[in-house]
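Chemist: I'd like to ask some things about the structure below.
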Amino acid sequence: VQLQASGGGLVQAGGSLRLSCADSAGSGRTFSSKNVAWFRQAPGMERESVASISWLGSRTYYADSVKGRFTISTDNAKNTVYLQMNSLKPEDTGAYYCAAGDPRVVGGKWDSESKYTYWGQGTQVTVSS
């Protein structure tokens, strides 16, 4: 598994971005057997969980700060997980990382970094006011 996050950029407050997380080394079925999450880290801050989707896409989870604005989804045909971010705020600024892990290990702790084995390199999102 080799995750690659992309889609970051500079956007004004209220705008939208769509992040992608692809497995460049996978067989095409990576995300149908793994839980996937997005985390973000603002400068000088600890990394925090943003959203997660269970294997097969049956369940999604969101941090309170992004509920109603962000949507996580999976396209198994493209072996890609997306994070659609709408109504962006300056406080959404940070480096966004995707991570994947065994559902049996992640369990109910979708927001725990230690539960994820595979990590992408991060993509920068900057929201100007």
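We name chains A, B, ... following the order of the structure tokens; residues begin at 1 in each chain, and ligands are numbered from 1 as shown.
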Within 10 Å of Tyr61 in chain A, counting only C-alpha atoms, which residues qualify if same-chain residues fewer than 3 places away don't, as a VMD selection string?
Modeler: chain A and resid 37 49 to 54 64 67 71 to 72 110 to 111
Chemist: Can you tell me which residues surround range 11-27 of chain A at a distance of at most 10 Å, considering only C-alpha atoms, apart from same-chain residues fewer than 3 positions away, and format the answer as JSON, numbers by chain?
Modeler: {"A": [1, 2, 3, 4, 5, 6, 7, 8, 30, 31, 36, 37, 38, 69, 70, 71, 72, 73, 74, 75, 78, 79, 80, 81, 82, 83, 84, 85, 86, 87, 88, 89, 90, 91, 92, 93, 96, 97, 98, 99, 100, 119, 120, 122, 123, 124, 125, 126, 127, 128, 129]}
Chemist: For the selection you just gave me, I'd like the residues written to a file as a PDB file, in the first residue's frame, keeping C-alpha atoms.
Modeler:
ATOM      1  CA  VAL A   1       0.000   0.000   0.000  1.00  0.00           C
ATOM      2  CA  GLN A   2       1.397   3.381  -0.984  1.00  0.00           C
ATOM      3  CA  LEU A   3      -0.974   6.256  -0.346  1.00  0.00           C
ATOM      4  CA  GLN A   4      -0.777   9.513  -2.243  1.00  0.00           C
ATOM      5  CA  ALA A   5      -2.836  12.514  -1.169  1.00  0.00           C
ATOM      6  CA  SER A   6      -3.555  15.315  -3.620  1.00  0.00           C
ATOM      7  CA  GLY A   7      -5.962  18.140  -4.326  1.00  0.00           C
ATOM      8  CA  GLY A   8      -4.828  20.722  -1.805  1.00  0.00           C
ATOM      9  CA  THR A  30      -7.186  -1.516  -1.277  1.00  0.00           C
ATOM     10  CA  PHE A  31     -10.014   0.555   0.081  1.00  0.00           C
ATOM     11  CA  VAL A  36      -9.521   5.117   5.626  1.00  0.00           C
ATOM     12  CA  ALA A  37      -9.278   8.409   7.479  1.00  0.00           C
ATOM     13  CA  TRP A  38      -8.211  11.960   6.888  1.00  0.00           C
ATOM     14  CA  ARG A  69     -19.340  20.742   5.490  1.00  0.00           C
ATOM     15  CA  PHE A  70     -17.061  17.813   4.616  1.00  0.00           C
ATOM     16  CA  THR A  71     -17.976  14.521   2.963  1.00  0.00           C
ATOM     17  CA  ILE A  72     -15.774  11.446   2.746  1.00  0.00           C
ATOM     18  CA  SER A  73     -16.448   8.881   0.049  1.00  0.00           C
ATOM     19  CA  THR A  74     -14.863   5.935  -1.720  1.00  0.00           C
ATOM     20  CA  ASP A  75     -14.637   5.080  -5.406  1.00  0.00           C
ATOM     21  CA  LYS A  78     -10.678   4.128  -9.079  1.00  0.00           C
ATOM     22  CA  ASN A  79      -9.160   2.857  -5.824  1.00  0.00           C
ATOM     23  CA  THR A  80      -9.495   6.348  -4.424  1.00  0.00           C
ATOM     24  CA  VAL A  81     -10.959   7.954  -1.322  1.00  0.00           C
ATOM     25  CA  TYR A  82     -12.174  11.534  -1.545  1.00  0.00           C
ATOM     26  CA  LEU A  83     -12.715  14.301   0.963  1.00  0.00           C
ATOM     27  CA  GLN A  84     -15.081  16.931  -0.401  1.00  0.00           C
ATOM     28  CA  MET A  85     -14.651  20.104   1.612  1.00  0.00           C
ATOM     29  CA  ASN A  86     -17.264  22.842   1.298  1.00  0.00           C
ATOM     30  CA  SER A  87     -17.788  26.132   3.119  1.00  0.00           C
ATOM     31  CA  LEU A  88     -14.135  26.206   4.017  1.00  0.00           C
ATOM     32  CA  LYS A  89     -12.980  28.353   6.913  1.00  0.00           C
ATOM     33  CA  PRO A  90      -9.524  29.773   7.728  1.00  0.00           C
ATOM     34  CA  GLU A  91      -9.336  27.337  10.647  1.00  0.00           C
ATOM     35  CA  ASP A  92      -9.448  24.463   8.146  1.00  0.00           C
ATOM     36  CA  THR A  93      -5.942  25.449   7.026  1.00  0.00           C
ATOM     37  CA  TYR A  96      -4.083  17.000   5.252  1.00  0.00           C
ATOM     38  CA  TYR A  97      -3.030  13.374   5.486  1.00  0.00           C
ATOM     39  CA  CYS A  98      -4.871  10.240   4.476  1.00  0.00           C
ATOM     40  CA  ALA A  99      -4.339   7.023   6.359  1.00  0.00           C
ATOM     41  CA  ALA A 100      -5.498   3.442   5.960  1.00  0.00           C
ATOM     42  CA  TRP A 119      -0.007   7.082   5.608  1.00  0.00           C
ATOM     43  CA  GLY A 120       0.166   9.414   2.646  1.00  0.00           C
ATOM     44  CA  GLY A 122       0.102  15.103   3.022  1.00  0.00           C
ATOM     45  CA  THR A 123      -1.370  17.835   0.887  1.00  0.00           C
ATOM     46  CA  GLN A 124      -1.535  21.488   1.975  1.00  0.00           C
ATOM     47  CA  VAL A 125      -4.839  23.309   2.278  1.00  0.00           C
ATOM     48  CA  THR A 126      -4.777  27.047   2.865  1.00  0.00           C
ATOM     49  CA  VAL A 127      -7.983  28.997   3.385  1.00  0.00           C
ATOM     50  CA  SER A 128      -7.699  32.760   3.254  1.00  0.00           C
ATOM     51  CA  SER A 129     -10.117  35.063   5.036  1.00  0.00           C
TER      52      SER A 129
END
Chemist: Please report, as a ChimeraX atom specification, each residue of chain A to which DSSP assigns strand (DSSP E or B) when run on this structure's backbone.
Modeler: /A:3-6,9-12,17-23,35-41,48-53,60-62,70-75,80-85,94-101,118-119,123-128
Chemist: With only C-alpha atoms as the atoms that count, which of A:Lys109, A:Asn35, A:Arg29, A:Ala95 lies nearest to Arg59 in chain A?
Modeler: A:Asn35
Chemist: Could you pull out the residues in range 6-129 of chain A that DSSP calls alpha helix (DSSP H) from the backbone, as a list in words?
Modeler: Pro103, Arg104, Val105 and Val106 of chain A
Chemist: Keeping only all heavy atoms, write those residues as a short mmCIF file (atom, residue, chain, number, x, y, z; two decimals), in the first residue's frame.
Modeler:
data_model
loop_
_atom_site.label_atom_id
_atom_site.label_comp_id
_atom_site.auth_asym_id
_atom_site.auth_seq_id
_atom_site.Cartn_x
_atom_site.Cartn_y
_atom_site.Cartn_z
N PRO A 103 -9.54 -2.85 9.43
CA PRO A 103 -10.76 -2.58 10.21
C PRO A 103 -10.76 -3.28 11.57
O PRO A 103 -11.33 -2.75 12.53
CB PRO A 103 -11.87 -3.15 9.32
CG PRO A 103 -11.31 -3.10 7.95
CD PRO A 103 -9.84 -3.35 8.10
N ARG A 104 -10.12 -4.42 11.66
CA ARG A 104 -10.09 -5.15 12.92
C ARG A 104 -9.21 -4.43 13.95
O ARG A 104 -9.39 -4.61 15.15
CB ARG A 104 -9.57 -6.58 12.70
CG ARG A 104 -10.49 -7.42 11.82
CD ARG A 104 -9.79 -8.67 11.36
NE ARG A 104 -8.66 -8.37 10.48
CZ ARG A 104 -7.90 -9.29 9.92
NH1 ARG A 104 -8.13 -10.59 10.16
NH2 ARG A 104 -6.90 -8.94 9.12
N VAL A 105 -8.28 -3.64 13.48
CA VAL A 105 -7.40 -2.88 14.37
C VAL A 105 -8.02 -1.52 14.70
O VAL A 105 -8.01 -1.07 15.84
CB VAL A 105 -6.02 -2.67 13.71
CG1 VAL A 105 -5.14 -1.76 14.58
CG2 VAL A 105 -5.33 -4.01 13.48
N VAL A 106 -8.59 -0.87 13.69
CA VAL A 106 -9.20 0.45 13.91
C VAL A 106 -10.39 0.33 14.85
O VAL A 106 -10.54 1.13 15.79
CB VAL A 106 -9.64 1.08 12.57
CG1 VAL A 106 -10.37 2.40 12.83
CG2 VAL A 106 -8.42 1.32 11.67
#
Chemist: Which residues are near Glu46 in chain A? Cut-off 12 Å, only C-alpha atoms, ignore same chain within fewer than 4 positions. Put them as number ranges by chain.
Modeler: A: 39-42, 94-95, 113
Chemist: What's the separation between CA of Asp102 in chain A and CA of Tyr118 in chain A, in Å to one decimal place?
Modeler: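 Going from CA of Asp102 in chain A over to CA of Tyr118 in chain A covers 9.6 Å.
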